[in-house]
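Listing of data27.txt; format and content: compact mmCIF, C-alpha atoms and all ligand atoms.
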# COMPACT_ATOMS: atom_id res chain seq x y z
CA MET M 1033 -81.72 -82.64 55.72
CA PHE M 1034 -84.18 -83.42 52.92
CA ALA M 1035 -86.21 -81.60 50.27
CA ASP M 1036 -89.32 -82.31 48.19
CA LEU M 1037 -89.04 -80.33 44.95
CA HIS M 1038 -92.28 -81.39 43.22
CA LEU M 1039 -95.54 -80.37 44.90
CA HIS M 1040 -98.97 -79.12 43.81
CA THR M 1041 -101.61 -77.16 45.75
CA ASN M 1042 -105.20 -76.14 45.10
CA PHE M 1043 -103.80 -73.17 43.14
CA SER M 1044 -103.60 -75.78 40.34
CA ASP M 1045 -104.86 -79.37 40.50
CA GLY M 1046 -103.65 -80.33 43.98
CA THR M 1047 -106.11 -80.65 46.84
CA TYR M 1048 -104.08 -79.18 49.75
CA THR M 1049 -103.88 -75.46 50.43
CA PRO M 1050 -100.32 -74.08 50.66
CA GLU M 1051 -100.71 -74.03 54.47
CA GLU M 1052 -101.88 -77.67 54.64
CA LEU M 1053 -99.05 -78.80 52.36
CA THR M 1054 -96.48 -76.90 54.40
CA GLY M 1055 -97.95 -78.43 57.57
CA HIS M 1056 -97.32 -81.91 56.17
CA GLY M 1057 -93.80 -80.84 55.15
CA ARG M 1058 -93.09 -79.65 58.66
CA ARG M 1059 -94.50 -82.81 60.27
CA LEU M 1060 -92.27 -84.88 57.98
CA GLY M 1061 -89.19 -82.83 58.84
CA PHE M 1062 -88.42 -81.36 55.41
CA ALA M 1063 -85.73 -78.65 55.27
CA ALA M 1064 -86.85 -77.30 51.87
CA LEU M 1065 -89.98 -77.44 49.72
CA ALA M 1066 -90.65 -76.25 46.16
CA LEU M 1067 -94.14 -75.44 44.92
CA THR M 1068 -94.47 -76.55 41.28
CA ASP M 1069 -98.11 -75.83 40.42
CA HIS M 1070 -99.00 -76.23 36.72
CA ASP M 1071 -98.84 -72.95 34.75
CA THR M 1072 -99.20 -70.68 37.79
CA MET M 1073 -97.15 -69.25 40.64
CA GLU M 1074 -100.11 -67.72 42.43
CA GLY M 1075 -99.76 -70.13 45.37
CA CYS M 1076 -96.12 -69.15 45.97
CA ALA M 1077 -96.83 -66.05 48.10
CA ARG M 1078 -98.88 -67.98 50.68
CA MET M 1079 -96.55 -70.99 50.60
CA ALA M 1080 -93.55 -68.69 51.19
CA VAL M 1081 -95.23 -67.24 54.30
CA ALA M 1082 -96.25 -70.69 55.58
CA CYS M 1083 -92.74 -72.08 55.04
CA ALA M 1084 -91.08 -69.08 56.70
CA THR M 1085 -93.33 -69.57 59.73
CA ALA M 1086 -92.49 -73.30 59.80
CA GLY M 1087 -88.72 -72.69 59.43
CA ILE M 1088 -88.65 -74.39 56.00
CA GLU M 1089 -86.71 -73.04 53.01
CA PHE M 1090 -89.14 -72.27 50.17
CA ILE M 1091 -88.29 -72.47 46.47
CA PRO M 1092 -90.71 -70.72 44.08
CA ALA M 1093 -91.27 -72.85 40.99
CA SER M 1094 -93.73 -73.97 38.33
CA GLU M 1095 -94.32 -77.00 36.07
CA PHE M 1096 -94.62 -76.28 32.33
CA THR M 1097 -96.20 -78.62 29.81
CA ALA M 1098 -93.80 -78.61 26.86
CA GLU M 1099 -93.10 -80.57 23.70
CA HIS M 1100 -90.16 -81.43 21.53
CA GLU M 1101 -90.34 -83.48 18.34
CA ASN M 1102 -93.98 -84.36 19.17
CA ILE M 1103 -92.98 -85.77 22.57
CA GLU M 1104 -94.82 -84.25 25.55
CA LEU M 1105 -92.56 -83.45 28.44
CA HIS M 1106 -92.91 -81.51 31.67
CA LEU M 1107 -90.29 -78.93 32.58
CA LEU M 1108 -89.87 -77.69 36.11
CA GLY M 1109 -88.60 -74.13 36.58
CA TYR M 1110 -86.94 -73.54 39.99
CA PHE M 1111 -85.98 -70.34 41.81
CA LEU M 1112 -88.17 -68.35 39.44
CA ASP M 1113 -88.66 -64.61 39.94
CA THR M 1114 -92.37 -64.53 40.81
CA THR M 1115 -92.57 -60.89 39.64
CA HIS M 1116 -90.88 -61.38 36.25
CA PRO M 1117 -93.14 -59.55 33.72
CA ARG M 1118 -92.68 -61.84 30.70
CA LEU M 1119 -92.96 -64.99 32.82
CA LEU M 1120 -96.21 -63.69 34.32
CA SER M 1121 -97.63 -62.73 30.92
CA GLU M 1122 -96.75 -66.16 29.47
CA LEU M 1123 -98.35 -67.91 32.47
CA ALA M 1124 -101.47 -65.76 32.00
CA LYS M 1125 -101.67 -66.98 28.37
CA PHE M 1126 -101.38 -70.64 29.43
CA GLN M 1127 -104.15 -70.07 31.99
CA ILE M 1128 -106.52 -68.59 29.38
CA VAL M 1129 -105.87 -71.58 27.10
CA ARG M 1130 -106.54 -73.95 30.04
CA GLN M 1131 -109.88 -72.25 30.68
CA GLN M 1132 -110.82 -72.51 26.98
CA ARG M 1133 -109.87 -76.20 27.10
CA ILE M 1134 -112.25 -76.76 30.04
CA ARG M 1135 -115.07 -75.25 27.95
CA GLU M 1136 -114.19 -77.55 25.03
CA MET M 1137 -114.11 -80.65 27.27
CA VAL M 1138 -117.48 -79.69 28.80
CA ALA M 1139 -118.95 -79.12 25.30
CA ARG M 1140 -117.80 -82.62 24.30
CA LEU M 1141 -119.36 -84.10 27.44
CA ASN M 1142 -122.60 -82.24 26.71
CA ALA M 1143 -122.56 -83.60 23.14
CA LEU M 1144 -122.30 -87.09 24.69
CA GLY M 1145 -125.46 -86.36 26.70
CA ILE M 1146 -123.65 -85.64 29.98
CA PRO M 1147 -125.15 -82.53 31.62
CA LEU M 1148 -122.35 -80.40 33.09
CA ALA M 1149 -121.77 -76.64 33.09
CA ALA M 1150 -118.30 -75.14 32.56
CA GLU M 1151 -119.15 -72.73 35.39
CA ALA M 1152 -119.55 -75.70 37.76
CA VAL M 1153 -116.00 -76.83 36.87
CA PHE M 1154 -114.62 -73.31 37.33
CA ALA M 1155 -116.40 -72.92 40.67
CA LEU M 1156 -115.01 -76.24 41.90
CA ALA M 1157 -111.49 -75.53 40.57
CA ASN M 1158 -111.50 -71.98 42.00
CA CYS M 1159 -108.04 -71.35 40.55
CA ALA M 1160 -106.36 -69.77 37.52
CA ALA M 1161 -105.05 -73.05 36.10
CA PRO M 1162 -107.94 -75.56 35.90
CA GLY M 1163 -107.29 -78.99 34.38
CA ARG M 1164 -108.72 -82.43 33.76
CA PRO M 1165 -108.74 -83.40 37.47
CA HIS M 1166 -111.22 -80.57 38.08
CA VAL M 1167 -113.48 -81.84 35.28
CA ALA M 1168 -113.24 -85.32 36.82
CA ARG M 1169 -114.14 -83.99 40.28
CA ALA M 1170 -117.09 -82.05 38.81
CA LEU M 1171 -118.33 -85.24 37.08
CA VAL M 1172 -118.19 -87.11 40.40
CA GLN M 1173 -119.86 -84.22 42.23
CA ALA M 1174 -122.66 -84.20 39.59
CA LYS M 1175 -123.01 -87.98 40.11
CA GLN M 1176 -122.21 -88.61 36.43
CA CYS M 1177 -119.25 -90.80 37.46
CA ALA M 1178 -118.71 -92.83 40.63
CA THR M 1179 -114.96 -92.16 40.89
CA LEU M 1180 -112.22 -89.94 39.45
CA ASP M 1181 -110.71 -93.00 37.77
CA GLU M 1182 -114.02 -93.71 36.06
CA ALA M 1183 -114.16 -90.10 34.81
CA PHE M 1184 -110.64 -90.42 33.33
CA ASP M 1185 -111.21 -93.92 31.94
CA ARG M 1186 -114.55 -93.12 30.27
CA PHE M 1187 -114.02 -89.53 29.15
CA LEU M 1188 -110.79 -87.71 29.94
CA LYS M 1189 -107.82 -89.96 29.17
CA LYS M 1190 -105.91 -89.29 25.96
CA GLY M 1191 -108.03 -90.63 23.09
CA LYS M 1192 -111.26 -90.78 25.12
CA PRO M 1193 -114.26 -88.79 23.81
CA ALA M 1194 -113.96 -85.69 26.00
CA TRP M 1195 -110.16 -85.50 25.83
CA VAL M 1196 -108.86 -82.24 24.40
CA PRO M 1197 -105.13 -81.84 23.76
CA LYS M 1198 -103.39 -79.34 25.99
CA PHE M 1199 -101.41 -76.37 24.73
CA LYS M 1200 -97.68 -77.12 24.94
CA ILE M 1201 -94.84 -74.62 24.80
CA SER M 1202 -91.79 -75.72 22.80
CA ALA M 1203 -89.13 -77.09 25.15
CA PRO M 1204 -86.38 -74.67 24.02
CA ASP M 1205 -88.81 -71.73 24.51
CA ALA M 1206 -89.72 -72.97 28.00
CA ILE M 1207 -86.03 -73.37 28.94
CA ALA M 1208 -85.27 -69.85 27.65
CA LEU M 1209 -88.24 -68.41 29.57
CA ILE M 1210 -87.17 -70.14 32.80
CA HIS M 1211 -83.62 -68.79 32.39
CA GLU M 1212 -84.88 -65.28 31.58
CA ALA M 1213 -86.86 -65.37 34.86
CA GLY M 1214 -83.69 -66.29 36.76
CA GLY M 1215 -84.49 -69.98 37.16
CA LEU M 1216 -83.17 -73.47 36.53
CA ALA M 1217 -84.87 -75.77 34.00
CA VAL M 1218 -85.31 -79.41 35.02
CA LEU M 1219 -86.88 -82.33 33.12
CA ALA M 1220 -89.71 -83.71 35.29
CA HIS M 1221 -90.40 -87.45 35.76
CA PRO M 1222 -88.57 -88.51 32.55
CA ALA M 1223 -89.68 -92.13 32.93
CA LEU M 1224 -93.31 -91.08 32.49
CA ASN M 1225 -92.74 -89.43 29.11
CA LYS M 1226 -90.48 -91.78 27.08
CA SER M 1227 -88.27 -88.79 26.38
CA ASP M 1228 -84.77 -90.27 26.75
CA HIS M 1229 -83.89 -89.82 23.08
CA ILE M 1230 -84.52 -86.06 23.21
CA ILE M 1231 -82.42 -85.46 26.34
CA PRO M 1232 -79.33 -84.49 24.24
CA ALA M 1233 -81.42 -81.85 22.40
CA LEU M 1234 -82.78 -80.53 25.72
CA VAL M 1235 -79.23 -80.31 27.09
CA ALA M 1236 -78.19 -78.42 23.94
CA ALA M 1237 -81.11 -76.02 24.58
CA GLY M 1238 -79.66 -75.31 28.04
CA MET M 1239 -81.59 -77.66 30.32
CA ASP M 1240 -79.98 -77.68 33.77
CA GLY M 1241 -81.17 -80.85 35.48
CA ILE M 1242 -83.17 -84.08 35.61
CA GLU M 1243 -85.73 -85.18 38.19
CA CYS M 1244 -84.10 -88.53 38.89
CA PHE M 1245 -86.21 -89.25 42.00
CA HIS M 1246 -90.01 -89.30 41.62
CA SER M 1247 -92.80 -91.17 43.38
CA ARG M 1248 -93.59 -93.07 40.17
CA HIS M 1249 -89.95 -93.98 39.37
CA SER M 1250 -88.64 -97.40 40.37
CA THR M 1251 -85.23 -97.79 42.03
CA ALA M 1252 -83.87 -99.00 38.68
CA THR M 1253 -85.33 -95.90 36.99
CA ASN M 1254 -83.71 -93.63 39.57
CA GLU M 1255 -80.34 -95.28 38.86
CA HIS M 1256 -80.83 -94.98 35.10
CA TYR M 1257 -81.45 -91.21 35.29
CA LEU M 1258 -78.64 -90.68 37.81
CA MET M 1259 -76.31 -92.14 35.17
CA ILE M 1260 -77.75 -89.85 32.49
CA ALA M 1261 -77.40 -86.82 34.81
CA ASP M 1262 -73.76 -87.75 35.40
CA GLN M 1263 -73.12 -88.26 31.68
CA TYR M 1264 -74.46 -84.80 30.75
CA HIS M 1265 -73.26 -82.96 33.90
CA LEU M 1266 -76.86 -82.20 34.92
CA LEU M 1267 -78.27 -81.29 38.32
CA VAL M 1268 -80.14 -84.10 40.10
CA THR M 1269 -83.53 -83.25 41.61
CA GLY M 1270 -86.46 -85.17 43.06
CA GLY M 1271 -89.93 -84.84 44.43
CA SER M 1272 -93.11 -86.70 45.22
CA ASP M 1273 -95.40 -84.83 42.75
CA CYS M 1274 -97.90 -84.76 45.61
CA HIS M 1275 -101.39 -83.64 44.54
CA GLY M 1276 -102.90 -84.57 47.93
CA MET M 1277 -103.84 -87.95 49.37
CA ASN M 1278 -102.76 -91.10 47.57
CA LYS M 1279 -104.01 -94.52 48.67
CA GLY M 1280 -105.18 -93.06 51.99
CA LYS M 1281 -101.94 -91.18 52.77
CA PRO M 1282 -100.43 -87.82 51.75
CA LEU M 1283 -98.01 -88.47 48.86
CA ILE M 1284 -95.57 -85.89 50.26
CA GLY M 1285 -92.94 -87.79 52.25
CA THR M 1286 -92.56 -90.62 49.74
CA VAL M 1287 -89.52 -88.96 48.12
CA LYS M 1288 -86.79 -87.41 50.27
CA LEU M 1289 -84.12 -85.64 48.24
CA PRO M 1290 -80.87 -85.05 50.16
CA TYR M 1291 -80.43 -81.31 50.67
CA SER M 1292 -76.98 -81.39 49.00
CA HIS M 1293 -78.81 -81.39 45.63
CA VAL M 1294 -80.59 -78.14 46.54
CA GLN M 1295 -77.19 -76.68 47.46
CA GLN M 1296 -75.85 -77.68 44.04
CA MET M 1297 -78.78 -75.87 42.40
CA LYS M 1298 -78.01 -72.72 44.37
CA ASP M 1299 -74.29 -73.04 43.59
CA LEU M 1300 -75.05 -73.16 39.84
CA LEU M 1301 -77.26 -70.06 40.11
CA ALA M 1302 -74.51 -68.27 42.04
CA ARG M 1303 -71.92 -69.20 39.36
CA ARG M 1304 -74.30 -67.89 36.70
CA ALA M 1305 -74.81 -64.62 38.57
CA THR M 1306 -71.03 -64.22 38.86
CA ALA M 1307 -70.74 -64.87 35.13
CA GLY M 1308 -72.95 -61.79 34.66
CA GLY M 1309 -76.06 -63.72 33.74
CA GLY M 1310 -74.22 -65.06 30.71
CA LYS M 1311 -74.81 -68.65 29.70
CA LEU M 1312 -72.31 -71.05 31.26
CA VAL M 1313 -71.35 -73.67 28.72
CA ASN M 1314 -71.77 -77.20 29.97
CA PRO M 1315 -68.75 -79.47 29.53
CA ALA M 1316 -69.00 -82.07 26.76
CA PRO M 1317 -70.91 -85.21 27.76
CA ARG M 1318 -68.93 -88.15 29.08
CA SER M 1319 -68.77 -90.98 26.59
P1 LIG I 1401 -104.15 -81.77 32.60
O1 LIG I 1401 -102.95 -80.93 33.00
O2 LIG I 1401 -105.39 -80.97 32.61
O3 LIG I 1401 -103.96 -82.53 31.30
O4 LIG I 1401 -104.31 -82.87 33.73
C1 LIG I 1401 -103.21 -83.68 34.05
C2 LIG I 1401 -103.32 -84.12 35.50
O5 LIG I 1401 -104.39 -85.08 35.58
C3 LIG I 1401 -102.09 -84.83 36.00
O6 LIG I 1401 -101.26 -83.92 36.69
C4 LIG I 1401 -102.63 -85.86 36.95
O7 LIG I 1401 -102.62 -85.33 38.25
C5 LIG I 1401 -104.08 -86.04 36.55
N1 LIG I 1401 -104.36 -87.36 35.93
C6 LIG I 1401 -103.94 -87.79 34.72
N2 LIG I 1401 -104.43 -89.04 34.47
C7 LIG I 1401 -105.18 -89.38 35.54
C8 LIG I 1401 -105.95 -90.53 35.91
N3 LIG I 1401 -106.05 -91.59 35.10
N4 LIG I 1401 -106.57 -90.52 37.10
C9 LIG I 1401 -106.49 -89.46 37.91
N5 LIG I 1401 -105.77 -88.34 37.64
C10 LIG I 1401 -105.12 -88.31 36.47
ZN ZN I 1402 -101.14 -82.05 38.30
FE FE I 1403 -95.95 -83.58 35.45
FE FE I 1404 -96.51 -82.39 38.73
Using structure tokens, write down the structure from this file.
Ligand code: AMP
Ligand code: ZN
Ligand code: FE
Ligand code: FE
Amino acid sequence: MFADLHLHTNFSDGTYTPEELTGHGRRLGFAALALTDHDTMEGCARMAVACATAGIEFIPASEFTAEHENIELHLLGYFLDTTHPRLLSELAKFQIVRQQRIREMVARLNALGIPLAAEAVFALANCAAPGRPHVARALVQAKQCATLDEAFDRFLKKGKPAWVPKFKISAPDAIALIHEAGGLAVLAHPALNKSDHIIPALVAAGMDGIECFHSRHSTATNEHYLMIADQYHLLVTGGSDCHGMNKGKPLIGTVKLPYSHVQQMKDLLARRATAGGGKLVNPAPRS
């Protein structure tokens, strides 16, 4: 039994619908899937129905862009209450900021002489949480760039002329919000963010787990983060971070997390519920 706990749909910057993604999950034999769209949980309702129909366990989740000591990091919130009022109002704020950021990126492109309308990006994105991939797709659609890579390389990568920094929630605030909404907070793809030195501070802020397995982690990287998870008594998670097709194949299926890790997540939530929602103190790290 395997799980993929890092997946995006077209409710953020993925290309598959929840039904298409679930169809791939079923074909690949997954027992559990988590939907981790950026700054939105609007795809969770449809994904839950699709998974129930396919006999797959569904975990409602989201991926938050956070920062700590000027380091950008992504935090995954799992088993979130999709009706939690403060979580929904915070997500709504992130979505408004994302939409403003699209307008700023388009204004920068226009200033560079690239004709593009923000409305064209919004129409193409057709979701509450638009991002740079949608701007890139709009540039390709408008024949201003030949490929998505060209759009990122010329305009959208950090430091390029149409790049606009993204709003980031502080990591302790994100962890507290995830806990308030009944969830578990997990550091996403740590190898992509050079964030090892802040892991102790994240653990002190209550972080529950580390995404040791990720499609862009090497075997050595997996091992490295498994050791860190063991040292700090953290949950181990993993996922493909599938946004759709990658090199001619769906990225889902490239990471298969043994289901026992999902069980450990549920066991921790059950212990927390028994403790009356109170914070369980993690044991001291192993030296
Ligand atoms: P945003 O959240 O708007 O900053 O966009 C980040 C997303 O852009 C990531 O989740 C990636 O899927 C995508 N992305 C980042 N860099 C590139 C790139 N060089 N080529 C294609 N997609 C990229
Ligand atoms: Zn993404
Ligand atoms: Fe991420
Ligand atoms: Fe992701």
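Picture a line from CA of Ala1217 (chain M) to CA of Asp1045 (chain M); it runs 21.3 Å.
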For this session: Between CA of Asp1228 (chain M) and CA of Ala1302 (chain M), measure the distance and give it in Å to one decimal.
Result: 28.7 Å
Exercise. Which residue out of M:Leu1060, M:Leu1120, M:Leu1067, M:Ala1316 has the minimum interatomic distance to His1275 (chain M) when only C-alpha atoms are used?
Worked result: M:Leu1067
Problem set entry | Separation of CA of Leu1039 (chain M) from CA of Gly1271 (chain M) in Å |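 Going from CA of Gly1271 (chain M) over to CA of Leu1039 (chain M), I get 7.2 Å.
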Problem set entry | Nearby residues, ligand ZN 1402 (chain I), 12 Å, only C-alpha atoms and all ligand atoms, as a PyMOL selection string | chain M and resi 1038-1047+1067-1072+1094-1097+1106+1161-1166+1220+1272-1276
For the selection just defined, write its residues with C-alpha atoms to a file, as a PDB file, keeping the file's coordinate frame.
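again16.pdb written:
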ATOM      1  CA  HIS M1038     -92.280 -81.390  43.220  1.00  0.00           C
ATOM      2  CA  LEU M1039     -95.540 -80.370  44.900  1.00  0.00           C
ATOM      3  CA  HIS M1040     -98.970 -79.120  43.810  1.00  0.00           C
ATOM      4  CA  THR M1041    -101.610 -77.160  45.750  1.00  0.00           C
ATOM      5  CA  ASN M1042    -105.200 -76.140  45.100  1.00  0.00           C
ATOM      6  CA  PHE M1043    -103.800 -73.170  43.140  1.00  0.00           C
ATOM      7  CA  SER M1044    -103.600 -75.780  40.340  1.00  0.00           C
ATOM      8  CA  ASP M1045    -104.860 -79.370  40.500  1.00  0.00           C
ATOM      9  CA  GLY M1046    -103.650 -80.330  43.980  1.00  0.00           C
ATOM     10  CA  THR M1047    -106.110 -80.650  46.840  1.00  0.00           C
ATOM     11  CA  LEU M1067     -94.140 -75.440  44.920  1.00  0.00           C
ATOM     12  CA  THR M1068     -94.470 -76.550  41.280  1.00  0.00           C
ATOM     13  CA  ASP M1069     -98.110 -75.830  40.420  1.00  0.00           C
ATOM     14  CA  HIS M1070     -99.000 -76.230  36.720  1.00  0.00           C
ATOM     15  CA  ASP M1071     -98.840 -72.950  34.750  1.00  0.00           C
ATOM     16  CA  THR M1072     -99.200 -70.680  37.790  1.00  0.00           C
ATOM     17  CA  SER M1094     -93.730 -73.970  38.330  1.00  0.00           C
ATOM     18  CA  GLU M1095     -94.320 -77.000  36.070  1.00  0.00           C
ATOM     19  CA  PHE M1096     -94.620 -76.280  32.330  1.00  0.00           C
ATOM     20  CA  THR M1097     -96.200 -78.620  29.810  1.00  0.00           C
ATOM     21  CA  HIS M1106     -92.910 -81.510  31.670  1.00  0.00           C
ATOM     22  CA  ALA M1161    -105.050 -73.050  36.100  1.00  0.00           C
ATOM     23  CA  PRO M1162    -107.940 -75.560  35.900  1.00  0.00           C
ATOM     24  CA  GLY M1163    -107.290 -78.990  34.380  1.00  0.00           C
ATOM     25  CA  ARG M1164    -108.720 -82.430  33.760  1.00  0.00           C
ATOM     26  CA  PRO M1165    -108.740 -83.400  37.470  1.00  0.00           C
ATOM     27  CA  HIS M1166    -111.220 -80.570  38.080  1.00  0.00           C
ATOM     28  CA  ALA M1220     -89.710 -83.710  35.290  1.00  0.00           C
ATOM     29  CA  SER M1272     -93.110 -86.700  45.220  1.00  0.00           C
ATOM     30  CA  ASP M1273     -95.400 -84.830  42.750  1.00  0.00           C
ATOM     31  CA  CYS M1274     -97.900 -84.760  45.610  1.00  0.00           C
ATOM     32  CA  HIS M1275    -101.390 -83.640  44.540  1.00  0.00           C
ATOM     33  CA  GLY M1276    -102.900 -84.570  47.930  1.00  0.00           C
TER      34      GLY M1276
END
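If you measure from each of M:Glu1104, M:Glu1122, M:Glu1074, M:Asp1205 to ligand LIG 1401 (chain I) using only C-alpha atoms and all ligand atoms, the closest one turns out to be M:Glu1104.
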Counting only C-alpha atoms, what is within 9 Å of Cys1076 (chain M), bar same-chain residues fewer than 2 positions away, as a PDB file with C-alpha atoms, in the frame of the given file?
ATOM      1  CA  PRO M1050    -100.320 -74.080  50.660  1.00  0.00           C
ATOM      2  CA  ALA M1066     -90.650 -76.250  46.160  1.00  0.00           C
ATOM      3  CA  LEU M1067     -94.140 -75.440  44.920  1.00  0.00           C
ATOM      4  CA  THR M1068     -94.470 -76.550  41.280  1.00  0.00           C
ATOM      5  CA  ASP M1069     -98.110 -75.830  40.420  1.00  0.00           C
ATOM      6  CA  THR M1072     -99.200 -70.680  37.790  1.00  0.00           C
ATOM      7  CA  MET M1073     -97.150 -69.250  40.640  1.00  0.00           C
ATOM      8  CA  GLU M1074    -100.110 -67.720  42.430  1.00  0.00           C
ATOM      9  CA  ARG M1078     -98.880 -67.980  50.680  1.00  0.00           C
ATOM     10  CA  MET M1079     -96.550 -70.990  50.600  1.00  0.00           C
ATOM     11  CA  ALA M1080     -93.550 -68.690  51.190  1.00  0.00           C
ATOM     12  CA  VAL M1081     -95.230 -67.240  54.300  1.00  0.00           C
ATOM     13  CA  PHE M1090     -89.140 -72.270  50.170  1.00  0.00           C
ATOM     14  CA  ILE M1091     -88.290 -72.470  46.470  1.00  0.00           C
ATOM     15  CA  PRO M1092     -90.710 -70.720  44.080  1.00  0.00           C
ATOM     16  CA  ALA M1093     -91.270 -72.850  40.990  1.00  0.00           C
ATOM     17  CA  THR M1114     -92.370 -64.530  40.810  1.00  0.00           C
TER      18      THR M1114
END
Which residues are close to His1221 (chain M), i.e. within 10 Å by all atoms listed in the file, leaving aside same-chain residues fewer than 4 positions away? Reply as a compact mmCIF listing (two decimals) with C-alpha atoms, in the frame of the given file.
# COMPACT_ATOMS: atom_id res chain seq x y z
CA HIS M 1038 -92.28 -81.39 43.22
CA LEU M 1105 -92.56 -83.45 28.44
CA HIS M 1106 -92.91 -81.51 31.67
CA LEU M 1107 -90.29 -78.93 32.58
CA LEU M 1108 -89.87 -77.69 36.11
CA ASN M 1225 -92.74 -89.43 29.11
CA LYS M 1226 -90.48 -91.78 27.08
CA SER M 1227 -88.27 -88.79 26.38
CA ILE M 1242 -83.17 -84.08 35.61
CA GLU M 1243 -85.73 -85.18 38.19
CA CYS M 1244 -84.10 -88.53 38.89
CA PHE M 1245 -86.21 -89.25 42.00
CA HIS M 1246 -90.01 -89.30 41.62
CA SER M 1247 -92.80 -91.17 43.38
CA ARG M 1248 -93.59 -93.07 40.17
CA HIS M 1249 -89.95 -93.98 39.37
CA THR M 1253 -85.33 -95.90 36.99
CA ASN M 1254 -83.71 -93.63 39.57
CA TYR M 1257 -81.45 -91.21 35.29
CA THR M 1269 -83.53 -83.25 41.61
CA GLY M 1270 -86.46 -85.17 43.06
CA GLY M 1271 -89.93 -84.84 44.43
CA SER M 1272 -93.11 -86.70 45.22
CA ASP M 1273 -95.40 -84.83 42.75
